[in-house]
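*Asks:* Starting off with a structure, shown below.
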Amino acid sequence: MLILCPLAGYGFVQAVSLYGEASAAVRQSPVLAARLSPLDGILVPTFGSFYVAVTLLFPFVAIRVLSREKETGTLGLLMQLPYATPTLIATKLLAVMAAWGIASVPVVTSLAIWKMSAGHLYAPETLNLLFGHALYGLLVGAIAVFAAAISEGAATAAIIALAFTIGSWVLDFTAAGRPGLLDWVSRLSLTQTLRAFEQGLLSAGLVIGIVTAIAGFAALAAIWLPPGMSPRGKWLRSLVCVVATAAMLVAATQVRWSIDVTEDRRNSFPLADERALPQLGAPLVVTVHFAPEDPRYADLRRNVLSKLERLLPDITIRLAGEQQSVIGNAGDDAYGEVEYVYAGRAATTRSISQREILTLLYGLAGTPPPPPVPGDGYAGYPLVANVEAALSWFFGALPLSVAILWWWSRRPPRITFSLDRNGGQP
């Protein structure tokens, strides 16, 4: 907590300062106001510092819920309680989640300071981001509990837990955007779990996948925690658990249902198109002649294809340049084209513009584009605020409060004695 207070506070003050500089530019160009969203400018940067702390420091906190009992020899007494091992692991995870809630206090107070500074917060996107970080914290905690269950000491458990968290960064940097198997493996990175929430999407498939991973690590911890089971039995049960978890993760990737919770509806088409596109019931096949690392493909994916996947009941997207690079496709005349096939009719375009592609789809379907809905727009929330005074809270008052509460909780219990009225033994 003493590390989190200045870390979160400095990140928050810097985010407000940069947001204020961008807001000041709106005075010369009011059209830029529509691009000012507190989700990007305040929430994501502030929670970013919290993410770093949870990734690097929180495993040491979560490991203690089991490693301390192993080191002191009280694990045997714990296993003799009239509770099943999964119940004990679930109780440990509840304690880990309570610790995460305490650790989130500096970030939550920064949001309160932003509100008191006349800042705007949209409840759905704020709660969605907080929910995503809570799931991430519980996932890191489950990994730490599993590491503590399979190791004899806290130091070894810390190495195992950090191998998962820091290894995810390496995996994300080296394999993300690569074609084929590497792209699928990169999606297992822990850093991928927060990106949808930071973009303002509540994805059912992602939530199911994270909960499945948490349950999988908790089940592995329950398998390896009892000291009386043979190693062969633990390995066999672990294999069954891993296979079942992997099957659930694969099934979760097939769940496409998601909700755009952002106020500016960045993950959705205009409201009129959102109502018209689901009426296109015929299958749509999109063939993209791009290499996976091409920035134009990333823009097309973000601005058009991902939105179509959320709306259309039957859509198939094929990446024709998946096995080649941008340089290798330089001599291909078809490179850069996107082919749309709907109801037996096909059209090809090189445009990645959302409006042009929607017009093309309506032409293939034989329906006119819907008229725009009045008032369907985002005005933005520019604000120039000075929160430098909040540094005294994050660097002074809040750490001092944490230290006082820690000292209060560490006091030895007060023992009092009293004699009975007849002068008997105390």
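Here, A, B, ... name the chains of the structure tokens in the order displayed, residue numbers run from 1 inside each chain, and ligands are numbered from 1 in the same displayed order.
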Skip Ala244 of chain A itself and residues of its chain fewer than 4 positions away, then list as a PyMOL selection string all residues within 12 Å of it, counting only C-alpha atoms.

*Replies:* chain A and resi 212-213+215-217+219-220+237-240+248-251

*Asks:* Take the selection from the previous step and output its residues with C-alpha atoms, as an mmCIF file, in the first residue's frame.

*Replies:*
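And here's selection-v5.cif as it stands now:
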```cif
data_model
loop_
_atom_site.group_PDB
_atom_site.id
_atom_site.type_symbol
_atom_site.label_atom_id
_atom_site.label_comp_id
_atom_site.auth_asym_id
_atom_site.auth_seq_id
_atom_site.Cartn_x
_atom_site.Cartn_y
_atom_site.Cartn_z
ATOM 1 C CA THR A 212 -12.344 -20.752 -16.297
ATOM 2 C CA ALA A 213 -8.630 -19.984 -15.867
ATOM 3 C CA ALA A 215 -11.150 -22.113 -11.540
ATOM 4 C CA GLY A 216 -8.439 -24.169 -13.258
ATOM 5 C CA PHE A 217 -5.615 -22.757 -11.123
ATOM 6 C CA ALA A 219 -8.484 -26.756 -8.856
ATOM 7 C CA LEU A 220 -4.775 -27.439 -9.406
ATOM 8 C CA ARG A 237 -5.633 -35.483 -11.603
ATOM 9 C CA SER A 238 -3.704 -32.447 -12.791
ATOM 10 C CA LEU A 239 -3.697 -33.777 -16.339
ATOM 11 C CA VAL A 240 -7.469 -34.228 -16.254
ATOM 12 C CA MET A 248 -13.505 -24.817 -21.624
ATOM 13 C CA LEU A 249 -11.121 -22.128 -22.878
ATOM 14 C CA VAL A 250 -11.564 -23.290 -26.456
ATOM 15 C CA ALA A 251 -15.341 -23.273 -25.992
#
```

*Asks:* Residues of segment 135-346 of chain A in strand (DSSP E) according to DSSP, as a list in words?

*Replies:*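 Listing strand (DSSP E) positions across segment 135-346 of chain A yields Leu201, Leu202, Ser203, Ser258, Ile259, Asp260, Leu284, Val285, Val286, Thr287, Val288, Ile315, Thr316, Ile317, Arg318, Leu319, Val338, Glu339, Tyr340, Val341, Tyr342, Arg345 and Ala346 of chain A.
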
*Asks:* Kindly save the residues from that selection, with N, CA and C atoms included, as a PDB file, in the first residue's frame.

*Replies:*
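See selection.pdb below for the written result:
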```
ATOM      1  N   LEU A 201     -15.392  -2.802 -23.871  1.00  0.00           N
ATOM      2  CA  LEU A 201     -16.197  -3.953 -24.266  1.00  0.00           C
ATOM      3  C   LEU A 201     -16.365  -4.901 -23.092  1.00  0.00           C
ATOM      4  N   LEU A 202     -17.578  -5.366 -22.902  1.00  0.00           N
ATOM      5  CA  LEU A 202     -17.856  -6.431 -21.936  1.00  0.00           C
ATOM      6  C   LEU A 202     -18.150  -7.681 -22.747  1.00  0.00           C
ATOM      7  N   SER A 203     -17.161  -8.546 -22.862  1.00  0.00           N
ATOM      8  CA  SER A 203     -17.236  -9.735 -23.708  1.00  0.00           C
ATOM      9  C   SER A 203     -17.553 -10.951 -22.848  1.00  0.00           C
ATOM     10  N   SER A 258     -21.112  -9.796 -26.874  1.00  0.00           N
ATOM     11  CA  SER A 258     -20.428  -8.729 -26.151  1.00  0.00           C
ATOM     12  C   SER A 258     -21.287  -7.475 -26.173  1.00  0.00           C
ATOM     13  N   ILE A 259     -20.993  -6.570 -25.261  1.00  0.00           N
ATOM     14  CA  ILE A 259     -21.726  -5.308 -25.127  1.00  0.00           C
ATOM     15  C   ILE A 259     -20.734  -4.155 -25.175  1.00  0.00           C
ATOM     16  N   ASP A 260     -21.074  -3.147 -25.941  1.00  0.00           N
ATOM     17  CA  ASP A 260     -20.287  -1.918 -25.978  1.00  0.00           C
ATOM     18  C   ASP A 260     -20.807  -0.993 -24.881  1.00  0.00           C
ATOM     19  N   LEU A 284     -22.447 -13.854 -44.695  1.00  0.00           N
ATOM     20  CA  LEU A 284     -21.501 -12.903 -45.261  1.00  0.00           C
ATOM     21  C   LEU A 284     -20.097 -13.487 -45.134  1.00  0.00           C
ATOM     22  N   VAL A 285     -19.376 -13.557 -46.246  1.00  0.00           N
ATOM     23  CA  VAL A 285     -17.998 -14.062 -46.265  1.00  0.00           C
ATOM     24  C   VAL A 285     -17.081 -12.913 -46.659  1.00  0.00           C
ATOM     25  N   VAL A 286     -16.119 -12.613 -45.805  1.00  0.00           N
ATOM     26  CA  VAL A 286     -15.169 -11.522 -46.043  1.00  0.00           C
ATOM     27  C   VAL A 286     -13.786 -12.131 -46.216  1.00  0.00           C
ATOM     28  N   THR A 287     -13.174 -11.874 -47.351  1.00  0.00           N
ATOM     29  CA  THR A 287     -11.816 -12.349 -47.630  1.00  0.00           C
ATOM     30  C   THR A 287     -10.886 -11.145 -47.662  1.00  0.00           C
ATOM     31  N   VAL A 288      -9.939 -11.123 -46.754  1.00  0.00           N
ATOM     32  CA  VAL A 288      -9.054  -9.977 -46.571  1.00  0.00           C
ATOM     33  C   VAL A 288      -7.675 -10.331 -47.106  1.00  0.00           C
ATOM     34  N   ILE A 315     -21.325 -14.675 -40.139  1.00  0.00           N
ATOM     35  CA  ILE A 315     -20.245 -13.990 -40.838  1.00  0.00           C
ATOM     36  C   ILE A 315     -18.978 -14.826 -40.729  1.00  0.00           C
ATOM     37  N   THR A 316     -18.238 -14.909 -41.816  1.00  0.00           N
ATOM     38  CA  THR A 316     -16.959 -15.631 -41.869  1.00  0.00           C
ATOM     39  C   THR A 316     -15.899 -14.691 -42.417  1.00  0.00           C
ATOM     40  N   ILE A 317     -14.793 -14.581 -41.703  1.00  0.00           N
ATOM     41  CA  ILE A 317     -13.703 -13.690 -42.104  1.00  0.00           C
ATOM     42  C   ILE A 317     -12.478 -14.545 -42.375  1.00  0.00           C
ATOM     43  N   ARG A 318     -11.932 -14.404 -43.581  1.00  0.00           N
ATOM     44  CA  ARG A 318     -10.757 -15.154 -43.985  1.00  0.00           C
ATOM     45  C   ARG A 318      -9.614 -14.192 -44.269  1.00  0.00           C
ATOM     46  N   LEU A 319      -8.447 -14.530 -43.772  1.00  0.00           N
ATOM     47  CA  LEU A 319      -7.255 -13.710 -43.993  1.00  0.00           C
ATOM     48  C   LEU A 319      -6.397 -14.397 -45.045  1.00  0.00           C
ATOM     49  N   VAL A 338     -10.234  -6.252 -50.272  1.00  0.00           N
ATOM     50  CA  VAL A 338     -11.133  -6.938 -49.351  1.00  0.00           C
ATOM     51  C   VAL A 338     -12.377  -7.317 -50.136  1.00  0.00           C
ATOM     52  N   GLU A 339     -12.671  -8.605 -50.177  1.00  0.00           N
ATOM     53  CA  GLU A 339     -13.809  -9.102 -50.944  1.00  0.00           C
ATOM     54  C   GLU A 339     -14.958  -9.449 -50.008  1.00  0.00           C
ATOM     55  N   TYR A 340     -16.146  -8.952 -50.349  1.00  0.00           N
ATOM     56  CA  TYR A 340     -17.356  -9.212 -49.564  1.00  0.00           C
ATOM     57  C   TYR A 340     -18.322 -10.008 -50.438  1.00  0.00           C
ATOM     58  N   VAL A 341     -18.742 -11.155 -49.945  1.00  0.00           N
ATOM     59  CA  VAL A 341     -19.681 -12.018 -50.665  1.00  0.00           C
ATOM     60  C   VAL A 341     -20.920 -12.191 -49.792  1.00  0.00           C
ATOM     61  N   TYR A 342     -22.068 -11.750 -50.339  1.00  0.00           N
ATOM     62  CA  TYR A 342     -23.321 -11.823 -49.583  1.00  0.00           C
ATOM     63  C   TYR A 342     -24.441 -12.247 -50.525  1.00  0.00           C
ATOM     64  N   ARG A 345     -23.825 -12.532 -54.237  1.00  0.00           N
ATOM     65  CA  ARG A 345     -23.276 -11.348 -54.890  1.00  0.00           C
ATOM     66  C   ARG A 345     -21.965 -10.967 -54.213  1.00  0.00           C
ATOM     67  N   ALA A 346     -21.008 -10.498 -55.003  1.00  0.00           N
ATOM     68  CA  ALA A 346     -19.671 -10.196 -54.493  1.00  0.00           C
ATOM     69  C   ALA A 346     -19.264  -8.795 -54.908  1.00  0.00           C
TER      70      ALA A 346
END
```

*Asks:* With only C-alpha atoms as the counted atoms, please give the residues lying no more than 9 Å from Val255 of chain A, apart from itself and same-chain residues fewer than 5 positions off, as a list in words.

*Replies:*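 Residues near the query, excluding close chain neighbours: Ser203, Ala204, Gly205, Leu206 and Ile208 of chain A.
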
*Asks:* Extract, using only C-alpha atoms, all DNA, RNA and protein residues at most 12 Å from Gly366 of chain A, discarding same-chain residues fewer than 6 positions from it, and format them as a ChimeraX atom specification.

*Replies:* /A:280,342-345,359-360

*Asks:* Name all residues at most 9 Å from Ala218 of chain A (count only C-alpha atoms; drop same-chain ones fewer than 2 positions away) and give them as a ChimeraX atom specification.

*Replies:* /A:86,89-90,93,142-143,145-146,213-216,220-223

*Asks:* Would you mind exporting the chosen residues as a tab-separated table (two decimals), in the first residue's frame, restricted to C-alpha atoms?

*Replies:*
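In the end it all went to out_19.tsv:
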```tsv
chain	number	residue	atom	x	y	z
A	86	PRO	CA	-11.74	-27.00	-2.47
A	89	ILE	CA	-8.90	-22.95	-1.47
A	90	ALA	CA	-12.08	-20.96	-2.15
A	93	LEU	CA	-9.22	-16.84	-2.80
A	142	ALA	CA	-5.20	-17.79	-8.22
A	143	ILE	CA	-1.83	-18.24	-9.94
A	145	VAL	CA	-2.14	-19.65	-4.64
A	146	PHE	CA	-1.33	-22.44	-7.10
A	213	ALA	CA	-8.63	-19.98	-15.87
A	214	ILE	CA	-9.21	-18.91	-12.25
A	215	ALA	CA	-11.15	-22.11	-11.54
A	216	GLY	CA	-8.44	-24.17	-13.26
A	220	LEU	CA	-4.78	-27.44	-9.41
A	221	ALA	CA	-4.02	-25.85	-6.03
A	222	ALA	CA	-6.65	-28.08	-4.40
A	223	ILE	CA	-5.04	-31.13	-6.03
```

*Asks:* Nearest to Val140 of chain A among A:Tyr381, A:Phe47, A:Trp408, A:Trp100, with distances taken over only C-alpha atoms: which residue is it?

*Replies:*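 When distances to Val140 of chain A are compared using only C-alpha atoms, the smallest one comes from A:Trp100.
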
*Asks:* Write down as an MDAnalysis selection string the residues of segment 235-350 of chain A whose backbone DSSP state falls under helix (DSSP H, G or I).

*Replies:* chainID A and resid 235:252 271:279 295:311

*Asks:* For C-alpha atoms, I'd like the residues from the last selection saved as a PDB file, in the first residue's frame.

*Replies:*
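The resulting file, part_23.pdb, is reproduced below:
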```pdb
ATOM      1  CA  TRP A 235      -0.134 -35.723 -11.758  1.00  0.00           C
ATOM      2  CA  LEU A 236      -3.018 -37.772 -13.152  1.00  0.00           C
ATOM      3  CA  ARG A 237      -5.633 -35.483 -11.603  1.00  0.00           C
ATOM      4  CA  SER A 238      -3.704 -32.447 -12.791  1.00  0.00           C
ATOM      5  CA  LEU A 239      -3.697 -33.777 -16.339  1.00  0.00           C
ATOM      6  CA  VAL A 240      -7.469 -34.228 -16.254  1.00  0.00           C
ATOM      7  CA  CYS A 241      -7.863 -30.709 -14.820  1.00  0.00           C
ATOM      8  CA  VAL A 242      -5.637 -29.145 -17.499  1.00  0.00           C
ATOM      9  CA  VAL A 243      -7.472 -30.928 -20.311  1.00  0.00           C
ATOM     10  CA  ALA A 244     -10.877 -29.871 -18.951  1.00  0.00           C
ATOM     11  CA  THR A 245      -9.713 -26.280 -18.516  1.00  0.00           C
ATOM     12  CA  ALA A 246      -8.279 -26.172 -22.038  1.00  0.00           C
ATOM     13  CA  ALA A 247     -11.558 -27.516 -23.459  1.00  0.00           C
ATOM     14  CA  MET A 248     -13.505 -24.817 -21.624  1.00  0.00           C
ATOM     15  CA  LEU A 249     -11.121 -22.128 -22.878  1.00  0.00           C
ATOM     16  CA  VAL A 250     -11.564 -23.290 -26.456  1.00  0.00           C
ATOM     17  CA  ALA A 251     -15.341 -23.273 -25.992  1.00  0.00           C
ATOM     18  CA  ALA A 252     -15.147 -19.737 -24.543  1.00  0.00           C
ATOM     19  CA  LEU A 271     -27.305   3.689 -34.178  1.00  0.00           C
ATOM     20  CA  ALA A 272     -29.207   3.504 -37.463  1.00  0.00           C
ATOM     21  CA  ASP A 273     -26.783   0.902 -38.837  1.00  0.00           C
ATOM     22  CA  GLU A 274     -26.879  -1.032 -35.565  1.00  0.00           C
ATOM     23  CA  ARG A 275     -30.603  -1.480 -36.085  1.00  0.00           C
ATOM     24  CA  ALA A 276     -30.421  -2.295 -39.803  1.00  0.00           C
ATOM     25  CA  LEU A 277     -27.466  -4.689 -40.036  1.00  0.00           C
ATOM     26  CA  PRO A 278     -28.939  -7.514 -37.896  1.00  0.00           C
ATOM     27  CA  GLN A 279     -31.722  -7.761 -40.512  1.00  0.00           C
ATOM     28  CA  PRO A 295      -1.458  -1.542 -39.942  1.00  0.00           C
ATOM     29  CA  ARG A 296      -4.318  -1.239 -42.443  1.00  0.00           C
ATOM     30  CA  TYR A 297      -5.558  -4.667 -41.417  1.00  0.00           C
ATOM     31  CA  ALA A 298      -5.492  -3.584 -37.760  1.00  0.00           C
ATOM     32  CA  ASP A 299      -7.561  -0.501 -38.636  1.00  0.00           C
ATOM     33  CA  LEU A 300      -9.982  -2.557 -40.721  1.00  0.00           C
ATOM     34  CA  ARG A 301     -10.319  -5.077 -37.928  1.00  0.00           C
ATOM     35  CA  ARG A 302     -10.951  -2.455 -35.274  1.00  0.00           C
ATOM     36  CA  ASN A 303     -13.234  -0.113 -37.258  1.00  0.00           C
ATOM     37  CA  VAL A 304     -15.285  -2.575 -39.315  1.00  0.00           C
ATOM     38  CA  LEU A 305     -14.734  -6.320 -38.972  1.00  0.00           C
ATOM     39  CA  SER A 306     -14.991  -6.608 -35.184  1.00  0.00           C
ATOM     40  CA  LYS A 307     -18.201  -4.573 -35.239  1.00  0.00           C
ATOM     41  CA  LEU A 308     -19.677  -6.753 -37.977  1.00  0.00           C
ATOM     42  CA  GLU A 309     -18.868  -9.872 -35.935  1.00  0.00           C
ATOM     43  CA  ARG A 310     -20.873  -8.475 -33.031  1.00  0.00           C
ATOM     44  CA  LEU A 311     -23.913  -7.692 -35.186  1.00  0.00           C
TER      45      LEU A 311
END
```

*Asks:* Near segment 62-79 of chain A, counting only C-alpha atoms, which residues have an atom at most 8 Å away, once you skip same-chain residues fewer than 4 positions from it, shown as number ranges by chain?

*Replies:* A: 58, 83, 85, 92, 95-96, 141, 144-145, 147-149, 152-154, 157-158, 226

*Asks:* Got time to write the residues from that selection, C-alpha atoms, as a PDB file, in the first residue's frame?

*Replies:*
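Okay, result_12.pdb is ready:
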```pdb
ATOM      1  CA  PHE A  58       0.372  -8.570  -5.644  1.00  0.00           C
ATOM      2  CA  TYR A  83     -13.827 -28.808   5.421  1.00  0.00           C
ATOM      3  CA  THR A  85      -9.851 -28.925   0.280  1.00  0.00           C
ATOM      4  CA  LYS A  92      -8.120 -18.421   0.490  1.00  0.00           C
ATOM      5  CA  ALA A  95      -9.036 -13.510   1.301  1.00  0.00           C
ATOM      6  CA  VAL A  96      -6.983 -12.691  -1.796  1.00  0.00           C
ATOM      7  CA  GLY A 141      -4.129 -14.332  -7.007  1.00  0.00           C
ATOM      8  CA  ALA A 144      -0.062 -17.219  -6.726  1.00  0.00           C
ATOM      9  CA  VAL A 145      -2.141 -19.654  -4.641  1.00  0.00           C
ATOM     10  CA  ALA A 147       2.367 -21.539  -6.930  1.00  0.00           C
ATOM     11  CA  ALA A 148       2.239 -21.649  -3.124  1.00  0.00           C
ATOM     12  CA  ALA A 149       0.491 -25.031  -3.203  1.00  0.00           C
ATOM     13  CA  GLU A 152       7.647 -25.549  -0.172  1.00  0.00           C
ATOM     14  CA  GLY A 153       8.596 -21.930   0.445  1.00  0.00           C
ATOM     15  CA  ALA A 154       7.459 -18.415  -0.389  1.00  0.00           C
ATOM     16  CA  ALA A 157       6.367 -19.710  -5.090  1.00  0.00           C
ATOM     17  CA  ALA A 158       7.230 -16.095  -5.932  1.00  0.00           C
ATOM     18  CA  PRO A 226      -3.017 -32.186   0.495  1.00  0.00           C
TER      19      PRO A 226
END
```

*Asks:* What does the distance from atom CA of Ala103 of chain A to atom CA of Thr55 of chain A come to in Å, to one decimal?

*Replies:*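 Distance reported for this atom pair: 12.4 Å.
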
*Asks:* Write out as number ranges by chain each polymer residue whose atoms come within 12 Å of Tyr51 of chain A, counting only C-alpha atoms; drop sequence neighbours fewer than 5 positions from it.

*Replies:* A: 4, 7-8, 11, 43-46, 56-58, 100, 103-104, 107, 129-130, 132-137, 140, 165, 190-191, 193-195, 198

*Asks:* Go ahead and save the picked residues with N, CA and C atoms, as a PDB file, in the first residue's frame.

*Replies:*
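The file below, out-v8.pdb, is the result:
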```pdb
ATOM      1  N   LEU A   4       1.862   1.627  -3.517  1.00  0.00           N
ATOM      2  CA  LEU A   4       0.741   1.907  -4.414  1.00  0.00           C
ATOM      3  C   LEU A   4       0.273   3.349  -4.318  1.00  0.00           C
ATOM      4  N   LEU A   7       2.455   5.650  -6.405  1.00  0.00           N
ATOM      5  CA  LEU A   7       2.437   5.168  -7.785  1.00  0.00           C
ATOM      6  C   LEU A   7       1.124   5.536  -8.469  1.00  0.00           C
ATOM      7  N   ALA A   8       0.007   5.222  -7.817  1.00  0.00           N
ATOM      8  CA  ALA A   8      -1.296   5.550  -8.396  1.00  0.00           C
ATOM      9  C   ALA A   8      -1.515   7.054  -8.442  1.00  0.00           C
ATOM     10  N   GLY A  11       0.512   8.620 -11.344  1.00  0.00           N
ATOM     11  CA  GLY A  11      -0.116   8.278 -12.618  1.00  0.00           C
ATOM     12  C   GLY A  11      -1.387   9.069 -12.861  1.00  0.00           C
ATOM     13  N   LEU A  43      -9.188   7.136 -16.982  1.00  0.00           N
ATOM     14  CA  LEU A  43      -9.379   5.828 -16.360  1.00  0.00           C
ATOM     15  C   LEU A  43      -8.264   4.847 -16.720  1.00  0.00           C
ATOM     16  N   VAL A  44      -8.021   4.654 -18.009  1.00  0.00           N
ATOM     17  CA  VAL A  44      -7.028   3.656 -18.432  1.00  0.00           C
ATOM     18  C   VAL A  44      -5.619   4.002 -17.925  1.00  0.00           C
ATOM     19  N   PRO A  45      -5.138   5.261 -18.045  1.00  0.00           N
ATOM     20  CA  PRO A  45      -3.800   5.554 -17.498  1.00  0.00           C
ATOM     21  C   PRO A  45      -3.725   5.388 -15.984  1.00  0.00           C
ATOM     22  N   THR A  46      -4.771   5.786 -15.261  1.00  0.00           N
ATOM     23  CA  THR A  46      -4.740   5.654 -13.806  1.00  0.00           C
ATOM     24  C   THR A  46      -4.719   4.193 -13.392  1.00  0.00           C
ATOM     25  N   LEU A  56       3.341  -7.136 -10.526  1.00  0.00           N
ATOM     26  CA  LEU A  56       4.666  -7.339  -9.952  1.00  0.00           C
ATOM     27  C   LEU A  56       4.663  -7.539  -8.443  1.00  0.00           C
ATOM     28  N   LEU A  57       3.713  -6.942  -7.736  1.00  0.00           N
ATOM     29  CA  LEU A  57       3.747  -6.960  -6.274  1.00  0.00           C
ATOM     30  C   LEU A  57       2.661  -7.824  -5.648  1.00  0.00           C
ATOM     31  N   PHE A  58       1.484  -7.869  -6.269  1.00  0.00           N
ATOM     32  CA  PHE A  58       0.372  -8.570  -5.644  1.00  0.00           C
ATOM     33  C   PHE A  58       0.624 -10.063  -5.467  1.00  0.00           C
ATOM     34  N   TRP A 100      -7.094  -7.559  -2.598  1.00  0.00           N
ATOM     35  CA  TRP A 100      -7.128  -6.738  -3.817  1.00  0.00           C
ATOM     36  C   TRP A 100      -8.028  -5.519  -3.605  1.00  0.00           C
ATOM     37  N   ALA A 103      -6.104  -2.998  -1.770  1.00  0.00           N
ATOM     38  CA  ALA A 103      -5.059  -2.411  -2.620  1.00  0.00           C
ATOM     39  C   ALA A 103      -5.612  -1.432  -3.637  1.00  0.00           C
ATOM     40  N   SER A 104      -6.897  -1.549  -3.980  1.00  0.00           N
ATOM     41  CA  SER A 104      -7.491  -0.657  -4.986  1.00  0.00           C
ATOM     42  C   SER A 104      -7.928   0.684  -4.412  1.00  0.00           C
ATOM     43  N   VAL A 107      -6.540   3.899  -6.153  1.00  0.00           N
ATOM     44  CA  VAL A 107      -7.114   4.149  -7.476  1.00  0.00           C
ATOM     45  C   VAL A 107      -8.546   4.657  -7.343  1.00  0.00           C
ATOM     46  N   LEU A 129     -14.459  -1.349 -16.470  1.00  0.00           N
ATOM     47  CA  LEU A 129     -13.004  -1.371 -16.310  1.00  0.00           C
ATOM     48  C   LEU A 129     -12.621  -1.869 -14.919  1.00  0.00           C
ATOM     49  N   LEU A 130     -13.354  -1.440 -13.902  1.00  0.00           N
ATOM     50  CA  LEU A 130     -13.081  -1.904 -12.539  1.00  0.00           C
ATOM     51  C   LEU A 130     -13.323  -3.412 -12.430  1.00  0.00           C
ATOM     52  N   GLY A 132     -13.046  -5.589 -14.879  1.00  0.00           N
ATOM     53  CA  GLY A 132     -11.952  -6.257 -15.568  1.00  0.00           C
ATOM     54  C   GLY A 132     -10.698  -6.347 -14.719  1.00  0.00           C
ATOM     55  N   HIS A 133     -10.359  -5.268 -14.011  1.00  0.00           N
ATOM     56  CA  HIS A 133      -9.186  -5.305 -13.144  1.00  0.00           C
ATOM     57  C   HIS A 133      -9.407  -6.223 -11.945  1.00  0.00           C
ATOM     58  N   ALA A 134     -10.638  -6.319 -11.474  1.00  0.00           N
ATOM     59  CA  ALA A 134     -10.922  -7.258 -10.384  1.00  0.00           C
ATOM     60  C   ALA A 134     -10.718  -8.692 -10.845  1.00  0.00           C
ATOM     61  N   LEU A 135     -11.181  -9.019 -12.047  1.00  0.00           N
ATOM     62  CA  LEU A 135     -10.954 -10.360 -12.586  1.00  0.00           C
ATOM     63  C   LEU A 135      -9.461 -10.627 -12.774  1.00  0.00           C
ATOM     64  N   TYR A 136      -8.740  -9.620 -13.247  1.00  0.00           N
ATOM     65  CA  TYR A 136      -7.303  -9.790 -13.438  1.00  0.00           C
ATOM     66  C   TYR A 136      -6.602 -10.005 -12.095  1.00  0.00           C
ATOM     67  N   GLY A 137      -6.986  -9.229 -11.092  1.00  0.00           N
ATOM     68  CA  GLY A 137      -6.393  -9.406  -9.767  1.00  0.00           C
ATOM     69  C   GLY A 137      -6.672 -10.783  -9.192  1.00  0.00           C
ATOM     70  N   VAL A 140      -4.438 -13.321 -11.045  1.00  0.00           N
ATOM     71  CA  VAL A 140      -3.076 -13.292 -10.517  1.00  0.00           C
ATOM     72  C   VAL A 140      -3.029 -13.950  -9.140  1.00  0.00           C
ATOM     73  N   THR A 165       3.449 -14.172 -14.735  1.00  0.00           N
ATOM     74  CA  THR A 165       3.082 -12.783 -15.020  1.00  0.00           C
ATOM     75  C   THR A 165       4.063 -12.098 -15.963  1.00  0.00           C
ATOM     76  N   LEU A 190      -1.571 -12.966 -20.107  1.00  0.00           N
ATOM     77  CA  LEU A 190      -2.388 -12.287 -19.105  1.00  0.00           C
ATOM     78  C   LEU A 190      -2.682 -10.847 -19.504  1.00  0.00           C
ATOM     79  N   THR A 191      -1.779 -10.230 -20.261  1.00  0.00           N
ATOM     80  CA  THR A 191      -1.996  -8.841 -20.657  1.00  0.00           C
ATOM     81  C   THR A 191      -3.182  -8.696 -21.601  1.00  0.00           C
ATOM     82  N   THR A 193      -6.044 -10.012 -21.192  1.00  0.00           N
ATOM     83  CA  THR A 193      -7.317 -10.055 -20.469  1.00  0.00           C
ATOM     84  C   THR A 193      -7.910  -8.676 -20.233  1.00  0.00           C
ATOM     85  N   LEU A 194      -7.075  -7.643 -20.188  1.00  0.00           N
ATOM     86  CA  LEU A 194      -7.570  -6.306 -19.856  1.00  0.00           C
ATOM     87  C   LEU A 194      -7.874  -5.450 -21.078  1.00  0.00           C
ATOM     88  N   ARG A 195      -7.407  -5.839 -22.253  1.00  0.00           N
ATOM     89  CA  ARG A 195      -7.519  -4.951 -23.413  1.00  0.00           C
ATOM     90  C   ARG A 195      -8.967  -4.703 -23.803  1.00  0.00           C
ATOM     91  N   GLU A 198     -10.419  -2.259 -21.366  1.00  0.00           N
ATOM     92  CA  GLU A 198      -9.894  -0.910 -21.594  1.00  0.00           C
ATOM     93  C   GLU A 198     -10.488  -0.276 -22.843  1.00  0.00           C
TER      94      GLU A 198
END
```

*Asks:* From the set A:Met116, A:Ile166, A:Leu39, A:Leu364, which residue has the shortest atom-to-atom contact distance to Phe197 of chain A, counting only C-alpha atoms?

*Replies:*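 Checking each candidate against Phe197 of chain A, we get A:Leu39 as the closest.
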
*Asks:* Would you please work out which residue, of A:Ala118, A:Val31, A:Val61, A:Ala196, is nearest to Val384 of chain A when using only C-alpha atoms?

*Replies:*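 Ranked by minimum distance to Val384 of chain A, first place goes to A:Ala118.
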
*Asks:* For atom CA of Ala379 of chain A and atom CA of Thr126 of chain A, determine how far apart the two atoms are, in Å to one decimal place.

*Replies:*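 Separation between atom CA of Ala379 of chain A and atom CA of Thr126 of chain A: 18.2 Å.
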
*Asks:* What gap, in Å, lies between atom CA of Gly281 of chain A and atom CA of Val373 of chain A?

*Replies:*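 Computing the Euclidean distance for atom CA of Gly281 of chain A and atom CA of Val373 of chain A yields 22.6 Å.
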